[in-house]
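Novice: Have a peek at run06.txt (compact mmCIF, C-alpha atoms and all ligand atoms).
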# COMPACT_ATOMS: atom_id res chain seq x y z
CA MET I 1 256.73 95.29 118.44
CA THR I 2 253.45 97.05 119.00
CA HIS I 3 251.27 95.94 121.86
CA TRP I 4 248.50 94.40 119.77
CA ILE I 5 250.85 92.37 117.56
CA LEU I 6 252.40 90.98 120.73
CA LYS I 7 248.93 90.12 122.06
CA VAL I 8 247.96 88.27 118.86
CA LYS I 9 251.28 86.40 118.93
CA LEU I 10 250.72 85.35 122.53
CA LYS I 11 247.23 84.11 121.68
CA LEU I 12 248.61 81.91 118.89
CA MET I 13 251.29 80.35 121.08
CA PRO I 14 250.66 77.56 123.55
CA LEU I 15 250.84 78.69 127.17
CA LEU I 16 253.81 76.40 127.74
CA ASP I 17 255.95 74.85 125.06
CA VAL I 18 258.66 72.54 126.36
CA GLN I 19 261.15 71.33 123.79
CA HIS I 20 263.74 68.63 124.35
CA LEU I 21 264.33 69.25 128.04
CA SER I 22 267.28 67.27 129.39
CA VAL I 23 268.63 67.34 132.93
CA SER I 24 271.51 65.54 134.58
CA PHE I 25 273.03 65.34 138.04
CA VAL I 26 276.75 65.21 138.60
CA HIS I 27 278.02 63.52 141.73
CA ASN I 28 281.66 62.61 142.34
CA GLY I 29 282.43 63.38 138.74
CA GLN I 30 279.77 60.93 137.52
CA ARG I 31 277.04 62.35 135.31
CA LYS I 32 273.62 60.76 135.55
CA HIS I 33 270.97 61.71 132.99
CA VAL I 34 267.66 61.93 134.83
CA VAL I 35 265.46 63.66 132.25
CA GLN I 36 266.06 63.12 128.55
CA ASP I 37 264.42 64.86 125.65
CA LEU I 38 261.10 65.77 127.28
CA SER I 39 258.80 67.76 125.00
CA PHE I 40 255.18 68.81 125.34
CA VAL I 41 252.84 71.73 124.87
CA LEU I 42 250.17 72.88 127.26
CA GLU I 43 247.22 75.09 126.41
CA PRO I 44 245.16 77.16 128.84
CA GLY I 45 242.65 75.01 130.73
CA GLU I 46 244.44 71.76 129.87
CA THR I 47 245.81 69.24 132.32
CA LEU I 48 248.91 67.27 131.48
CA GLY I 49 249.67 64.32 133.71
CA LEU I 50 253.24 63.25 134.37
CA VAL I 51 253.15 59.65 135.48
CA GLY I 52 255.76 56.98 135.94
CA GLU I 53 257.61 54.97 138.53
CA SER I 54 259.51 56.48 141.44
CA GLY I 55 262.73 58.11 140.30
CA SER I 56 261.57 58.45 136.68
CA GLY I 57 262.18 62.20 136.64
CA LYS I 58 258.73 63.69 137.27
CA SER I 59 259.72 66.08 140.06
CA VAL I 60 263.04 66.99 138.46
CA SER I 61 261.22 67.94 135.23
CA CYS I 62 258.89 70.27 137.15
CA LEU I 63 261.69 71.79 139.20
CA ALA I 64 263.72 72.40 136.04
CA LEU I 65 260.84 74.33 134.49
CA LEU I 66 260.50 76.39 137.64
CA GLY I 67 264.23 77.10 137.82
CA LEU I 68 264.31 75.53 141.26
CA LEU I 69 266.85 72.76 140.75
CA PRO I 70 270.03 73.06 142.79
CA GLN I 71 272.63 73.79 140.08
CA PRO I 72 275.09 72.16 140.76
CA PRO I 73 274.69 69.22 141.26
CA ALA I 74 271.87 69.47 138.71
CA LYS I 75 272.51 70.70 135.20
CA VAL I 76 270.00 71.56 132.53
CA GLU I 77 271.78 69.95 129.60
CA GLY I 78 269.55 71.37 126.95
CA GLY I 79 266.10 72.30 125.81
CA ARG I 80 263.75 75.25 125.80
CA ALA I 81 260.63 75.93 127.78
CA PHE I 82 258.60 78.82 126.48
CA PHE I 83 256.02 80.19 128.87
CA GLU I 84 254.01 82.80 127.00
CA GLY I 85 256.96 83.07 124.65
CA ILE I 86 259.60 83.54 127.37
CA ASP I 87 262.17 80.77 127.70
CA LEU I 88 262.09 79.79 131.36
CA LEU I 89 265.43 78.05 130.99
CA GLN I 90 267.21 81.18 129.74
CA VAL I 91 265.50 84.02 131.56
CA SER I 92 267.23 85.80 134.45
CA GLU I 93 266.62 84.53 137.98
CA LYS I 94 264.92 87.82 138.86
CA ARG I 95 262.47 87.67 135.96
CA LEU I 96 261.78 83.99 136.56
CA GLY I 97 261.02 84.73 140.22
CA LYS I 98 258.50 87.31 139.09
CA ILE I 99 256.88 84.93 136.58
CA ARG I 100 256.67 82.22 139.25
CA GLY I 101 255.13 84.60 141.75
CA GLN I 102 252.56 86.10 139.44
CA SER I 103 251.63 83.46 136.92
CA MET I 104 252.43 80.07 138.40
CA GLY I 105 251.07 78.18 141.34
CA ILE I 106 253.26 75.45 142.77
CA VAL I 107 252.39 72.56 145.01
CA PHE I 108 255.57 70.75 146.00
CA GLN I 109 255.71 67.05 146.66
CA ASP I 110 256.87 67.62 150.24
CA PRO I 111 254.74 70.41 151.72
CA SER I 112 256.52 70.38 155.08
CA SER I 113 259.74 71.59 153.53
CA SER I 114 258.01 74.38 151.64
CA LEU I 115 256.34 76.15 154.55
CA ASN I 116 258.41 78.41 156.79
CA PRO I 117 258.21 77.06 160.35
CA TYR I 118 258.76 80.53 161.83
CA LEU I 119 255.84 82.26 160.15
CA THR I 120 252.13 81.78 160.77
CA ILE I 121 250.09 80.15 158.06
CA GLY I 122 248.25 83.45 157.61
CA SER I 123 251.34 85.54 157.01
CA GLN I 124 252.73 83.00 154.54
CA LEU I 125 249.48 82.91 152.64
CA ALA I 126 249.07 86.68 152.61
CA GLU I 127 252.68 87.38 151.64
CA GLY I 128 252.21 86.62 147.94
CA LEU I 129 248.90 88.43 147.77
CA ILE I 130 250.32 91.59 149.29
CA ALA I 131 253.49 91.43 147.19
CA HIS I 132 251.79 90.81 143.86
CA THR I 133 248.50 92.70 144.16
CA ASN I 134 247.61 96.04 145.64
CA MET I 135 245.47 94.35 148.24
CA GLY I 136 245.59 95.67 151.81
CA ARG I 137 246.17 93.45 154.86
CA ARG I 138 242.51 93.21 155.87
CA ALA I 139 241.30 92.24 152.38
CA ALA I 140 244.20 89.79 152.05
CA ARG I 141 243.24 88.15 155.33
CA LEU I 142 239.64 87.65 154.17
CA LYS I 143 240.85 86.19 150.89
CA CYS I 144 243.17 83.80 152.77
CA ILE I 145 240.29 82.63 154.99
CA GLU I 146 238.23 81.99 151.87
CA ALA I 147 241.11 80.06 150.28
CA LEU I 148 241.60 77.86 153.36
CA GLU I 149 237.88 77.15 153.58
CA ALA I 150 237.86 76.16 149.91
CA VAL I 151 240.41 73.42 150.63
CA GLY I 152 238.35 72.17 153.56
CA ILE I 153 240.14 73.68 156.55
CA ALA I 154 237.63 74.39 159.31
CA ASP I 155 237.94 77.44 161.60
CA ALA I 156 240.11 79.07 158.98
CA GLY I 157 240.03 82.45 160.75
CA VAL I 158 241.63 80.92 163.86
CA ARG I 159 243.99 78.57 162.04
CA LEU I 160 245.51 81.46 160.11
CA ASN I 161 247.25 82.52 163.33
CA GLU I 162 248.87 79.14 163.86
CA TYR I 163 252.31 77.89 162.82
CA PRO I 164 252.85 75.02 160.34
CA HIS I 165 254.00 72.52 163.00
CA VAL I 166 250.54 72.34 164.55
CA PHE I 167 249.06 71.33 161.20
CA SER I 168 248.96 67.69 160.14
CA GLY I 169 250.76 66.63 156.95
CA GLY I 170 247.51 66.54 155.02
CA MET I 171 246.52 69.98 156.30
CA ARG I 172 249.90 71.42 155.30
CA GLN I 173 249.36 69.99 151.85
CA ARG I 174 245.97 71.70 151.73
CA VAL I 175 247.58 74.97 152.80
CA MET I 176 250.03 74.63 149.92
CA ILE I 177 247.16 74.05 147.51
CA ALA I 178 245.32 77.10 148.88
CA MET I 179 248.50 79.15 148.51
CA ALA I 180 249.09 77.94 144.97
CA LEU I 181 245.59 78.95 143.91
CA LEU I 182 245.44 82.31 145.71
CA LEU I 183 246.68 84.43 142.84
CA ASN I 184 244.65 82.63 140.18
CA PRO I 185 247.76 81.38 138.36
CA GLN I 186 247.72 80.66 134.63
CA LEU I 187 249.75 77.54 135.25
CA LEU I 188 249.56 75.25 138.24
CA ILE I 189 252.35 72.74 138.75
CA ALA I 190 251.18 70.22 141.28
CA ASP I 191 253.52 67.42 142.33
CA GLU I 192 251.50 64.64 143.98
CA PRO I 193 249.15 67.26 145.47
CA THR I 194 246.73 64.84 147.06
CA THR I 195 248.96 61.91 147.96
CA ALA I 196 248.94 62.61 151.72
CA LEU I 197 245.18 63.13 151.82
CA ASP I 198 242.44 60.66 152.58
CA VAL I 199 240.10 59.78 149.74
CA THR I 200 237.29 62.14 150.74
CA VAL I 201 239.55 65.18 151.00
CA GLN I 202 241.34 64.06 147.85
CA ALA I 203 238.05 64.00 145.96
CA GLN I 204 237.15 67.42 147.34
CA ILE I 205 240.50 68.94 146.31
CA LEU I 206 240.42 67.37 142.85
CA SER I 207 236.96 68.73 142.19
CA LEU I 208 238.04 72.15 143.51
CA LEU I 209 240.93 72.09 141.04
CA LYS I 210 238.63 71.10 138.19
CA THR I 211 236.13 73.84 139.03
CA ARG I 212 238.88 76.45 139.19
CA GLN I 213 240.27 75.27 135.87
CA ALA I 214 236.90 75.47 134.21
CA ALA I 215 236.21 78.93 135.62
CA LEU I 216 239.63 80.49 135.08
CA GLY I 217 241.23 78.45 132.30
CA THR I 218 244.14 77.44 134.52
CA ALA I 219 246.51 74.99 132.87
CA MET I 220 247.95 72.27 135.05
CA ILE I 221 250.87 69.89 135.12
CA LEU I 222 249.83 67.18 137.51
CA VAL I 223 252.39 64.72 138.77
CA THR I 224 250.81 61.61 140.13
CA HIS I 225 251.51 57.94 140.53
CA ASP I 226 247.80 57.33 140.99
CA LEU I 227 246.37 56.27 137.65
CA GLY I 228 242.83 56.79 138.96
CA VAL I 229 243.65 60.44 139.66
CA ALA I 230 245.33 60.72 136.26
CA ALA I 231 242.25 59.32 134.52
CA ARG I 232 239.96 61.66 136.37
CA MET I 233 242.01 64.81 135.91
CA CYS I 234 244.20 64.67 132.82
CA ASP I 235 243.57 65.45 129.17
CA ARG I 236 246.95 64.13 128.14
CA LEU I 237 249.55 61.96 129.79
CA ILE I 238 253.27 61.51 129.57
CA LEU I 239 254.54 58.26 130.92
CA LEU I 240 258.14 58.59 132.06
CA ARG I 241 260.54 55.78 132.67
CA GLN I 242 264.13 56.33 133.76
CA GLY I 243 263.94 59.91 132.59
CA LYS I 244 262.68 59.12 129.10
CA VAL I 245 259.25 59.44 127.59
CA GLU I 246 257.95 55.92 127.32
CA GLU I 247 254.58 56.92 125.93
CA ALA I 248 252.65 60.15 125.43
CA GLY I 249 249.13 60.80 124.25
CA THR I 250 245.60 61.52 125.30
CA ALA I 251 244.59 59.96 128.59
CA GLU I 252 242.01 57.95 126.69
CA ALA I 253 244.53 56.53 124.21
CA ILE I 254 246.99 55.58 126.93
CA PHE I 255 244.38 53.97 129.14
CA TYR I 256 242.46 52.13 126.46
CA ALA I 257 245.04 51.50 123.75
CA PRO I 258 248.50 51.57 125.33
CA GLN I 259 251.29 50.99 122.83
CA SER I 260 254.39 50.27 124.88
CA LEU I 261 254.88 47.10 126.83
CA TYR I 262 255.64 49.17 129.94
CA ALA I 263 252.33 51.05 129.71
CA LYS I 264 250.49 47.76 129.18
CA GLU I 265 252.16 46.22 132.22
CA LEU I 266 251.49 49.29 134.33
CA LEU I 267 247.81 49.29 133.42
CA ALA I 268 247.51 45.57 133.92
CA ALA I 269 248.62 46.15 137.51
CA VAL I 270 245.66 48.47 138.15
CA PRO I 271 242.81 46.40 139.63
CA THR I 272 240.02 48.05 137.63
CA LEU I 273 240.49 50.41 134.75
CA PRO I 274 239.65 53.89 135.98
CA ALA I 275 236.79 55.71 134.28
CA ILE I 276 237.81 58.67 132.14
CA VAL I 277 235.73 61.71 133.05
N1 LIG I 301 269.61 66.37 144.38
C1 LIG I 301 269.79 65.27 143.66
N2 LIG I 301 271.00 64.74 143.49
C2 LIG I 301 271.19 63.64 142.73
N3 LIG I 301 270.23 62.97 142.10
C3 LIG I 301 268.99 63.45 142.25
C4 LIG I 301 268.68 64.61 143.04
N4 LIG I 301 267.34 64.84 142.97
C5 LIG I 301 266.84 63.85 142.19
N5 LIG I 301 267.82 63.03 141.76
C6 LIG I 301 267.66 61.85 140.90
O1 LIG I 301 266.90 62.19 139.76
C7 LIG I 301 266.08 61.10 139.38
C8 LIG I 301 264.65 61.59 139.21
O2 LIG I 301 264.16 61.99 140.48
P1 LIG I 301 262.72 62.59 140.67
O3 LIG I 301 262.69 63.20 142.03
O4 LIG I 301 262.39 63.48 139.53
O5 LIG I 301 261.81 61.30 140.61
P2 LIG I 301 260.22 61.21 140.63
O6 LIG I 301 259.78 60.64 139.32
O7 LIG I 301 259.65 62.51 141.04
O8 LIG I 301 259.99 60.08 141.75
P3 LIG I 301 258.90 59.98 142.94
O9 LIG I 301 257.67 59.37 142.32
O10 LIG I 301 259.56 59.05 143.92
O11 LIG I 301 258.68 61.34 143.51
C9 LIG I 301 266.23 60.03 140.46
O12 LIG I 301 267.13 59.06 139.99
C10 LIG I 301 266.85 60.77 141.61
O13 LIG I 301 267.70 59.94 142.36
MG MG I 302 258.74 63.17 142.76
Kindly return the structure encoded in the file as structure tokens.
Ligand SMILES: Nc1ncnc2c1ncn2[C@@H]1O[C@H](COP(=O)(O)OP(=O)(O)OP(=O)(O)O)[C@@H](O)[C@H]1O
Ligand SMILES: [Mg+2]
Specialist:
Amino acid sequence: MTHWILKVKLKLMPLLDVQHLSVSFVHNGQRKHVVQDLSFVLEPGETLGLVGESGSGKSVSCLALLGLLPQPPAKVEGGRAFFEGIDLLQVSEKRLGKIRGQSMGIVFQDPSSSLNPYLTIGSQLAEGLIAHTNMGRRAARLKCIEALEAVGIADAGVRLNEYPHVFSGGMRQRVMIAMALLLNPQLLIADEPTTALDVTVQAQILSLLKTRQAALGTAMILVTHDLGVAARMCDRLILLRQGKVEEAGTAEAIFYAPQSLYAKELLAAVPTLPAIV
């Protein structure tokens, strides 16, 4: 296919097109279905919120798309997930690693397990930049300082030389967010990115994410159990319950005209209905 036909095709496709994703875990011969028939599309600049009770399959869905589930015990039972036309569920590990590194930013739910305790924050931040761009060490360092400052870490130039264990949980989470945004990814998958942060820092990070999205057209899958955050950030929501889609639609429709009893009950439990921005 010639280059321009490919370009036109890519423009017509959604950035991410997930079709009927199903995942199970097998333990002691018992199969447990934890994600069933999840489908959605995501366009550049859009934010999709994955919400739902603990254990409903939010993190597993994200990890499946990223090819980061431990298989076994996990098994992707079926489905397709086209990212710019490439099926993430079928592509080779090597190619997927490259796509993740270059086009996706990831903020894991547990930031402490995703930072290497033996490497300084600076070398972990710079690693991706140096590997995926032709940036030299000095330029990479400046970019990392900028990225840490953007997520509200003071004395970034000094803190770059420190190891993760001297950072607080909230600071490690901010480092992960800085790292995820460093390469200007097309897709950001953020699993409870601001849960460990106090409300002021949370507000600062959320507005940083919004600004970056507006400027760069980054698409985002945002996992959150905080309906206020979902209302503020998301264009569309998927409400998961026990691995199944309970309700899906625009944030506005779900907040103001929920259809399922579960969504109604969930919203009734929120003290005041969050304002949709
Ligand atoms: N390694 C694993 N082995 C077996 N079951 C697992 C494993 N990881 C997750 N699960 C199961 O998959 C289901 C979905 O888990 P998941 O982590 O996606 O929930 P979640 O919606 O992200 O919850 P939370 O809001 O608590 O983070 C749960 O029942 C969980 O017990
Ligand atoms: Mg989770």
Novice: Which neighbours of Leu187 (chain I) fall inside 6 Å, counting all atoms listed in the file, when residues of the same chain fewer than 3 positions from it are skipped, and could you give them as a list in words?
Specialist: Met104, Thr218, Ala219 and Met220 of chain I
Novice: Could I get the residue neighbourhood of ligand LIG 301 (chain I) at 9 Å, counting only C-alpha atoms and all ligand atoms, as a PyMOL selection string?
Specialist: chain I and resi 23-27+32-35+50-63+69-70+72-74+109+191-192+223-225+240-243
Novice: Excluding region 171-185 of chain I and its own-chain neighbours fewer than 5 positions away, which residues fall within 7 Å of it when counting all atoms listed in the file? Please give them as a ChimeraX atom specification.
Specialist: /I:102-107,111-112,125,129,147-148,151,164,193,218
Novice: Quick check, in Å to one decimal: how far apart do CA of Lys210 (chain I) and CA of Ala253 (chain I) lie?
Specialist: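 Straight-line distance from CA of Lys210 (chain I) to CA of Ala253 (chain I) works out to 21.0 Å.
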Novice: Considering all atoms listed in the file, state which residue in the set I:Cys234, I:Leu115, I:Leu89, I:Met13 is at the smallest distance from Leu68 (chain I).
Specialist: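 Ranked by minimum distance to Leu68 (chain I), first place goes to I:Leu89.
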Novice: Mind giving me the straight-line distance from CA of Ser260 (chain I) to CA of Leu227 (chain I) in Å, one decimal?
Specialist: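 So the two atoms, CA of Ser260 (chain I) and CA of Leu227 (chain I), lie 16.2 Å apart.
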Novice: As a ChimeraX atom specification, please: the residues near Met233 (chain I) (cut-off 9 Å, only C-alpha atoms, same-chain neighbours under 2 positions excluded).
Specialist: /I:47-49,206-207,209-210,222,228-231,235,276-277
Novice: May I have the residues at most 9 Å from (251.9, 62.0, 155.6) in the file's coordinates, counting only C-alpha atoms, as a PyMOL selection string?
Specialist: chain I and resi 168-170+195-197
Novice: Between I:Glu84, I:Asp17, I:Asp110, I:Glu247, single out the one closest to ligand MG 302 (chain I), counting all atoms listed in the file.
Specialist: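 The closest residue to ligand MG 302 (chain I) is I:Asp110.
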Novice: So that I can look at just that part, could you write region 221-273 of chain I with C-alpha atoms, as a compact mmCIF listing (two decimals), in the first residue's frame?
Specialist:
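Done, and the output landed in selection_22.txt:
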# COMPACT_ATOMS: atom_id res chain seq x y z
CA ILE I 221 -8.08 6.13 29.23
CA LEU I 222 -8.58 7.25 32.79
CA VAL I 223 -9.34 4.70 35.46
CA THR I 224 -10.86 6.26 38.51
CA HIS I 225 -13.24 5.45 41.29
CA ASP I 226 -13.69 9.16 41.93
CA LEU I 227 -16.82 10.28 40.12
CA GLY I 228 -15.85 13.93 40.63
CA VAL I 229 -12.62 13.31 38.72
CA ALA I 230 -14.55 11.38 36.07
CA ALA I 231 -16.99 14.26 35.63
CA ARG I 232 -14.21 16.78 35.35
CA MET I 233 -12.03 14.83 32.96
CA CYS I 234 -14.02 12.40 30.83
CA ASP I 235 -15.94 12.77 27.60
CA ARG I 236 -17.33 9.27 27.83
CA LEU I 237 -17.61 6.73 30.58
CA ILE I 238 -17.80 2.99 30.84
CA LEU I 239 -19.19 1.69 34.06
CA LEU I 240 -17.90 -1.79 34.80
CA ARG I 241 -19.37 -4.24 37.21
CA GLN I 242 -17.94 -7.72 37.76
CA GLY I 243 -16.09 -7.48 34.47
CA LYS I 244 -19.12 -6.52 32.40
CA VAL I 245 -20.17 -3.20 30.95
CA GLU I 246 -23.06 -2.07 33.08
CA GLU I 247 -23.51 1.22 31.28
CA ALA I 248 -21.63 3.23 28.67
CA GLY I 249 -22.21 6.67 27.25
CA THR I 250 -21.27 10.30 27.43
CA ALA I 251 -20.30 11.49 30.89
CA GLU I 252 -23.26 13.84 30.75
CA ALA I 253 -25.77 11.09 29.95
CA ILE I 254 -24.45 8.80 32.68
CA PHE I 255 -24.37 11.52 35.32
CA TYR I 256 -27.68 13.15 34.51
CA ALA I 257 -29.75 10.35 33.01
CA PRO I 258 -28.36 7.02 34.24
CA GLN I 259 -30.24 4.03 32.87
CA SER I 260 -29.15 1.07 34.96
CA LEU I 261 -30.14 0.61 38.56
CA TYR I 262 -26.48 0.17 39.48
CA ALA I 263 -25.51 3.53 37.95
CA LYS I 264 -28.45 5.19 39.71
CA GLU I 265 -27.41 3.70 43.04
CA LEU I 266 -23.78 4.65 42.52
CA LEU I 267 -24.69 8.24 41.73
CA ALA I 268 -27.13 8.44 44.60
CA ALA I 269 -24.21 7.63 46.90
CA VAL I 270 -22.31 10.73 45.72
CA PRO I 271 -23.08 13.60 48.11
CA THR I 272 -23.42 16.28 45.44
CA LEU I 273 -23.57 15.69 41.74
